[in-house]
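Here is the structure we will look at.
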Amino acid sequence: MSAPLLSVENLRIELATRGGMVPVVDDLSLWLNPGETLSIVGESGSGKSMTALAVMGLLPRIGRVAAGRIMFEGQDMIQMEDAALRRIRGNQIGMIFQEPMTSLNPVYTVGEQIAEVLRHHQKQGAAEAWANAVDLLDAVRIPNAKGRAATYPHEMSGGQRQRVMIAMALACRPKILIADEPTTALDVTVQAEIFDLMRELATETQTATILITHDMGVVAEMADRVVVMLKGEKVEDGTVTDLINRPQNDYTKSLIASVPHLTPETRDESEVTAQVDQPLLSVRDLTVQFAVKKRWGKREMFTAVNGISFDVERGKTLAIVGESGSGKTTAALAVARLVAAQAGHVTLDSTDMLTLEGEALRQARANVQVIFQDPYSSLNPRLRAGAIVREPMDNLGNLPAAQRDARVAELFEQVGLHPEQMNLFPHQFSGGQRQRISIARALSTNPSLIICDEAVSALDVIIQAQILDLLRDLQRDLNLTYLFISHDLGVVQQMCDHVAVMYMGDIVEYGTRNAVFAAPQKAYTRNLLAAVPSVESARESV
Amino acid sequence: MGFLVVLAQRTLYGLLLLLAVLVLNFTMINLAPGDVVDTIAADMGGASAELVAQIRAEYGLDQPVIVQLGNYVWRVFQFDLGQSYFYNRPVTEMIFERLPATLLLVFSAQIFALVVGILLGVFAAQRPNGILSHIVTLFALFGYAAPVFWTGILLLIAFSLKIPLFPVAGMRDVTVEGFFPQALSVAHHLVLPMLTLGSIFIALYSRLCRASMLEVLGSDYVRTAKAKGLSPRDVTMKHALKNALPPVVTLAGLQFSAVISGAVLVETVFSWPGLGQLALTSILARDTPTILGILFFSALVVIVGNLLTDLMLRLIDPRVRGKA
């Protein structure tokens, strides 16, 4: 084995907090060989991103490397002068980030942002750098690269922006590419394309890659070796094949277990409570259109939901899956009357939801509640947790005022929080706990339908599993009905009884979970399923 | 949306706004008690009721207000702002004599305040809790809090009397000849008034620029710029500053009217021969046509200033270009 390209030795990173310096990475050692892909895997707060930023010398102001060495080509990057470090950054080591939507500068064209790197590091002239930028855009498969080079980031999709980031990071043919959760914000089919591209370019340019991710499926498909991190420390490392097949550490095992197996398995039907023939929710020909303003004030209609129909039985879960822009969230919000539908019928508990107006509509909201995606922004930061859960009852419920506080306490216990936590503010809770508050709030009016709009998408895998367990338990105990909106097929498979796959405003496939997952009828569904990373590729055949 | 379409659209809005300003100004001036005839009569040491009525008829002030308004608007559309009661000269002529001086003062003070404010803001954002950042803040707030005439007089005492670097009053030295020496002389006279007027706005712009820069410096694309290996100067001045500018430019556009009202005071302190002095004398003389003329041109400057702001924003931020 040749000498490693990069080696991190006993790295300790500390962040300044009110309570003094707190270590976020401690005694971490790892190495990267030329041309290989090393994956650092862990949940948020495990220190994986901090490690990457330390290698780049880009730790936030409040952070510092307290001990250890980062050796690159015989030099310790921590001791290096800033100017020397800048010659490595973007030149020898390129980096791409998690958020393609915000990682490109909105006021410069994408061509300029790539050409800038070439002018800066390789002293290319303006025309030469621009021509090379166009070639790079072509290499990352941006169609019509020549024309697109002159466009601004906001004119591109998320996947295209991440391609631009890759082009930028690889412009100077770096020896190392650091990719920090490069596809977490992207749709699963786009993720597959980006990974294909990264694999191909890395092989072609002999670039070694450090891939930071929380997803063991991604690790199995992309990496040669892997380092598992938990709370700032390395818990296990090894080759991907070894680790997937013979994990030693319990945490590693739970990470592997959290990867969805998109293979049919029969669910114990006895778990499912009372069967009712009459559907609780019946949606027919639901159409939602938005006015898009065009030149000269002319209005054009964009059809987000194109006449879809589905039923949900009481006590069951219907999942609507699809990629961003498929109309799944719009459809669900139209059912809840949170966006206006142009046509169709929505019958909930034999009430026609779409014709309700004024006070009747306000009262009907008690019967359908929503759990939103982002537990950080969907709770009012100025209200205490108890008040957040109580508010719907004050507005809608028919519970006497004197009993409401007792009901709040009961709800807190039901969702696994302690009633004493009622007096805390949202920022004093973790992401998972906040989502429990959201669930308690949704339950407070005893709704017959709960819409979960990507309710677990912002959570770490282990927390995600806990919240899904909670939702399932509540469904069994309270005979709840869920309309479950998600882009994550693994989550959907764990949660639902029926699945509707949406694409461009239409339901392209609709059926029971087993039917859709085991024998998808439509090519779109098959592609979607195939794009989900799994650990199977790294499994040793017995 | 094409650039020309936007320009045409904004110009049309500007004209409508100008018409509204015209009607509003006229109505408000006429709501105030007293008119020019009272002043003339007072200057003559009193006049009989017949004479006062005769003078009113001569000026057309005996007609109903609505007729006077109609006549006024009609004349303005023929570029005739009327005759000054007090100076007995065409208002347009008097304004055009003085407008360039005011425009020079207003725009140079605005640009000075913007450039200095933005630089101070960028500087303060580098180390938001550093001692220099606090000094910048203190200095800027001092300029904002001090009354403009006081700042002006203080600067005059310091840099014209104690250290005679700059002239005390006026706009140019009448003894110099030739274009460039004259231009130089004007620039020399401009320094103190510009500093005085600009000092109020430096605080506003630097505070906002600092806040805007701090936000932008924490953004993902600035991290990307650093990851590209760019120098701190390129990261700050190229990638961060351009994104931090829109709020500052927007505020500057909104402040145009404040700069003009500040100019009235500054012109008085420095005997700057602009609209400010004319405004003061014509208000005291109840010279309605002149006051209306000045208000009209002030509104025009504000509208043009806002139009420039709008176009500037479109230039800075490509995302604005797509919108009407």
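Every chain in the structure tokens has a letter given in the order shown (A, B, ...), and although residue numbers restart at 1 in each chain, ligands are simply numbered from 1 in the order shown.
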
### Task
Please return, as number ranges by chain, all residues of chain B lying within 12 Å of chain A when only C-alpha atoms are considered.
B: 1-2, 5-6, 9, 126-128, 216-232, 234-235, 238-246, 313-324

Here atom CA of A:Gln122 and atom CA of A:Asp196 stand apart by 27.7 Å

### Task
Go through stretch 117-184 of chain B and collect every residue that DSSP, computed from the backbone, puts in helix (DSSP H, G or I); the answer should be as a ChimeraX atom specification.
/B:117-126,131-145,148-162,179-184

Residues near A:Met353, anyone? I mean within 10 Å using only C-alpha atoms, not counting same-chain ones fewer than 2 positions away, as a PyMOL selection string. chain A and resi 283+334-337+345-351+355-357+360-361+364-365

ask   = Using only C-alpha atoms, which residue out of A:Leu201, A:Leu211, A:Asn33, A:Pro260 lies closest to A:Ser49?
value =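 Answer, going by the shortest atom-to-atom distance: A:Leu211.
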
I'd like the contact shell of A:Thr330 - 10 Å cut-off, only C-alpha atoms, skipping same-chain residues fewer than 4 positions apart - returned as a CSV table (one decimal) with N, CA, C and O atoms, in the first residue's frame.
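Wrote it out as part-v7.csv, contents follow:
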chain,number,residue,atom,x,y,z
A,287,THR,N,-58.2,19.0,-8.2
A,287,THR,CA,-57.3,19.8,-9.1
A,287,THR,C,-56.9,21.1,-8.4
A,287,THR,O,-57.7,21.8,-7.9
A,288,VAL,N,-55.6,21.3,-8.4
A,288,VAL,CA,-55.1,22.6,-7.8
A,288,VAL,C,-54.2,23.3,-8.8
A,288,VAL,O,-53.3,22.7,-9.4
A,289,GLN,N,-54.5,24.5,-9.1
A,289,GLN,CA,-53.7,25.3,-10.0
A,289,GLN,C,-53.3,26.6,-9.4
A,289,GLN,O,-53.9,27.1,-8.5
A,304,ALA,N,-50.7,22.1,-10.5
A,304,ALA,CA,-49.8,21.4,-9.5
A,304,ALA,C,-50.4,20.0,-9.2
A,304,ALA,O,-49.7,19.0,-9.0
A,305,VAL,N,-51.7,19.9,-9.2
A,305,VAL,CA,-52.4,18.6,-8.9
A,305,VAL,C,-53.4,18.5,-10.0
A,305,VAL,O,-54.3,19.3,-10.2
A,325,GLY,N,-41.8,18.7,-6.3
A,325,GLY,CA,-42.6,19.3,-7.5
A,325,GLY,C,-43.6,18.3,-8.0
A,325,GLY,O,-44.2,18.6,-9.0
A,326,SER,N,-43.8,17.2,-7.4
A,326,SER,CA,-44.7,16.2,-7.9
A,326,SER,C,-46.2,16.6,-7.5
A,326,SER,O,-47.1,16.0,-8.1
A,334,ALA,N,-54.5,20.8,0.1
A,334,ALA,CA,-55.8,21.1,-0.5
A,334,ALA,C,-56.9,20.3,0.3
A,334,ALA,O,-58.0,20.8,0.5
A,335,VAL,N,-56.6,19.1,0.7
A,335,VAL,CA,-57.5,18.3,1.5
A,335,VAL,C,-57.8,19.0,2.8
A,335,VAL,O,-58.9,19.1,3.3
A,336,ALA,N,-56.8,19.6,3.4
A,336,ALA,CA,-56.9,20.3,4.7
A,336,ALA,C,-57.4,21.7,4.5
A,336,ALA,O,-57.5,22.5,5.5
A,338,LEU,N,-55.9,24.2,3.2
A,338,LEU,CA,-54.8,25.1,3.5
A,338,LEU,C,-54.3,25.8,2.2
A,338,LEU,O,-53.7,26.8,2.2
A,339,VAL,N,-54.6,25.1,1.0
A,339,VAL,CA,-54.4,25.8,-0.2
A,339,VAL,C,-55.8,25.5,-1.0
A,339,VAL,O,-56.5,24.6,-0.7
A,340,ALA,N,-56.1,26.4,-1.9
A,340,ALA,CA,-57.4,26.4,-2.5
A,340,ALA,C,-57.4,25.4,-3.7
A,340,ALA,O,-56.5,25.4,-4.5
A,341,ALA,N,-58.4,24.5,-3.8
A,341,ALA,CA,-58.5,23.6,-4.9
A,341,ALA,C,-59.4,24.3,-6.0
A,341,ALA,O,-60.4,24.9,-5.6
A,453,ASP,N,-46.8,15.8,6.8
A,453,ASP,CA,-46.2,16.3,5.6
A,453,ASP,C,-44.7,16.2,5.8
A,453,ASP,O,-44.1,17.1,6.4
A,505,GLY,N,-48.0,16.0,-10.8
A,505,GLY,CA,-49.4,16.3,-10.6
A,505,GLY,C,-50.4,15.2,-10.8
A,505,GLY,O,-51.6,15.3,-10.5

| field | Contacts of B:Gly34 at 10 Å (only C-alpha atoms; same-chain gap of 5+ positions) as a ChimeraX atom specification | value | /B:29,39,286

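Counting from atom CA of B:Phe107, the distance to atom CA of B:Leu24 is 26.0 Å.
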
Among B:Leu132, B:Val67, B:Leu99, B:Ala124, B:Val301 is approached most closely, using only C-alpha atoms, by B:Leu99

Please list as a ChimeraX atom specification every residue within 12 Å of B:His134, counting only C-alpha atoms and excluding residues in the same chain fewer than 2 positions away.
/B:120-121,123-132,136-141,206-207,210

Expressed in Å, the length from atom CA of A:Met502 to atom CA of A:Ser537 is 27.8 Å

Residues within 9 Å of stretch 142-145 of chain B, please, as a CSV table (one decimal) with all heavy atoms, in the first residue's frame. Count only C-alpha atoms; anything in the same chain fewer than 3 positions from it doesn't count.
chain,number,residue,atom,x,y,z
B,137,THR,N,-18.9,52.4,15.1
B,137,THR,CA,-20.3,52.6,15.4
B,137,THR,C,-20.5,53.9,16.2
B,137,THR,O,-21.5,54.7,15.9
B,137,THR,CB,-20.8,51.4,16.3
B,137,THR,OG1,-20.4,50.2,15.7
B,137,THR,CG2,-22.2,51.5,16.6
B,138,LEU,N,-19.7,54.2,17.1
B,138,LEU,CA,-19.8,55.4,18.0
B,138,LEU,C,-19.7,56.6,17.1
B,138,LEU,O,-20.5,57.6,17.2
B,138,LEU,CB,-18.6,55.4,19.0
B,138,LEU,CG,-18.9,56.3,20.2
B,138,LEU,CD1,-19.9,55.7,21.1
B,138,LEU,CD2,-17.6,56.4,21.0
B,139,PHE,N,-18.7,56.6,16.2
B,139,PHE,CA,-18.4,57.8,15.3
B,139,PHE,C,-19.6,58.0,14.4
B,139,PHE,O,-20.1,59.2,14.3
B,139,PHE,CB,-17.1,57.4,14.5
B,139,PHE,CG,-16.7,58.5,13.5
B,139,PHE,CD1,-16.1,59.6,14.0
B,139,PHE,CD2,-17.0,58.3,12.2
B,139,PHE,CE1,-15.8,60.6,13.1
B,139,PHE,CE2,-16.6,59.3,11.3
B,139,PHE,CZ,-16.0,60.4,11.7
B,148,VAL,N,-27.5,69.0,12.0
B,148,VAL,CA,-26.7,69.2,10.9
B,148,VAL,C,-26.1,70.6,10.8
B,148,VAL,O,-25.0,70.8,10.5
B,148,VAL,CB,-27.5,68.9,9.6
B,148,VAL,CG1,-28.7,69.8,9.5
B,148,VAL,CG2,-26.7,69.0,8.3
B,151,THR,N,-23.1,70.6,13.2
B,151,THR,CA,-21.9,70.0,12.6
B,151,THR,C,-21.3,70.9,11.6
B,151,THR,O,-20.1,71.1,11.5
B,151,THR,CB,-22.4,68.7,11.8
B,151,THR,OG1,-23.2,67.9,12.7
B,151,THR,CG2,-21.2,67.8,11.4
B,196,THR,N,-20.8,67.7,5.8
B,196,THR,CA,-21.8,68.0,6.8
B,196,THR,C,-23.1,67.2,6.5
B,196,THR,O,-23.6,66.5,7.3
B,196,THR,CB,-22.1,69.5,6.8
B,196,THR,OG1,-20.9,70.2,6.9
B,196,THR,CG2,-23.1,69.9,7.9
B,198,GLY,N,-23.4,64.7,4.4
B,198,GLY,CA,-23.2,63.3,4.3
B,198,GLY,C,-23.1,62.6,5.7
B,198,GLY,O,-23.5,61.5,5.9
B,199,SER,N,-22.6,63.4,6.7
B,199,SER,CA,-22.4,62.8,8.0
B,199,SER,C,-23.6,62.2,8.6
B,199,SER,O,-23.6,61.3,9.4
B,199,SER,CB,-21.8,63.9,8.9
B,199,SER,OG,-22.8,64.8,9.2
B,200,ILE,N,-24.8,62.8,8.3
B,200,ILE,CA,-26.0,62.3,8.9
B,200,ILE,C,-26.3,60.9,8.4
B,200,ILE,O,-26.7,60.0,9.2
B,200,ILE,CB,-27.3,63.1,8.5
B,200,ILE,CG1,-27.0,64.6,8.5
B,200,ILE,CG2,-28.5,62.8,9.3
B,200,ILE,CD1,-28.1,65.4,7.8
B,201,PHE,N,-26.0,60.6,7.1
B,201,PHE,CA,-26.4,59.4,6.5
B,201,PHE,C,-25.4,58.3,6.6
B,201,PHE,O,-25.7,57.1,6.5
B,201,PHE,CB,-26.8,59.6,5.1
B,201,PHE,CG,-27.9,60.7,5.0
B,201,PHE,CD1,-27.6,62.0,4.7
B,201,PHE,CD2,-29.2,60.3,5.3
B,201,PHE,CE1,-28.7,62.9,4.7
B,201,PHE,CE2,-30.3,61.3,5.2
B,201,PHE,CZ,-30.0,62.6,5.0
B,202,ILE,N,-24.1,58.6,6.9
B,202,ILE,CA,-23.1,57.6,7.1
B,202,ILE,C,-23.5,56.6,8.1
B,202,ILE,O,-23.4,55.4,7.9
B,202,ILE,CB,-21.8,58.3,7.4
B,202,ILE,CG1,-21.2,59.0,6.2
B,202,ILE,CG2,-20.8,57.2,7.9
B,202,ILE,CD1,-19.9,59.8,6.5
B,203,ALA,N,-24.1,57.1,9.2
B,203,ALA,CA,-24.4,56.2,10.3
B,203,ALA,C,-25.4,55.2,9.9
B,203,ALA,O,-25.3,54.0,10.1
B,203,ALA,CB,-25.0,57.0,11.5
B,204,LEU,N,-26.5,55.7,9.2
B,204,LEU,CA,-27.5,54.8,8.7
B,204,LEU,C,-27.0,53.7,7.8
B,204,LEU,O,-27.2,52.5,8.0
B,204,LEU,CB,-28.6,55.6,7.9
B,204,LEU,CG,-29.5,56.5,8.7
B,204,LEU,CD1,-30.5,57.2,7.7
B,204,LEU,CD2,-30.3,55.6,9.7
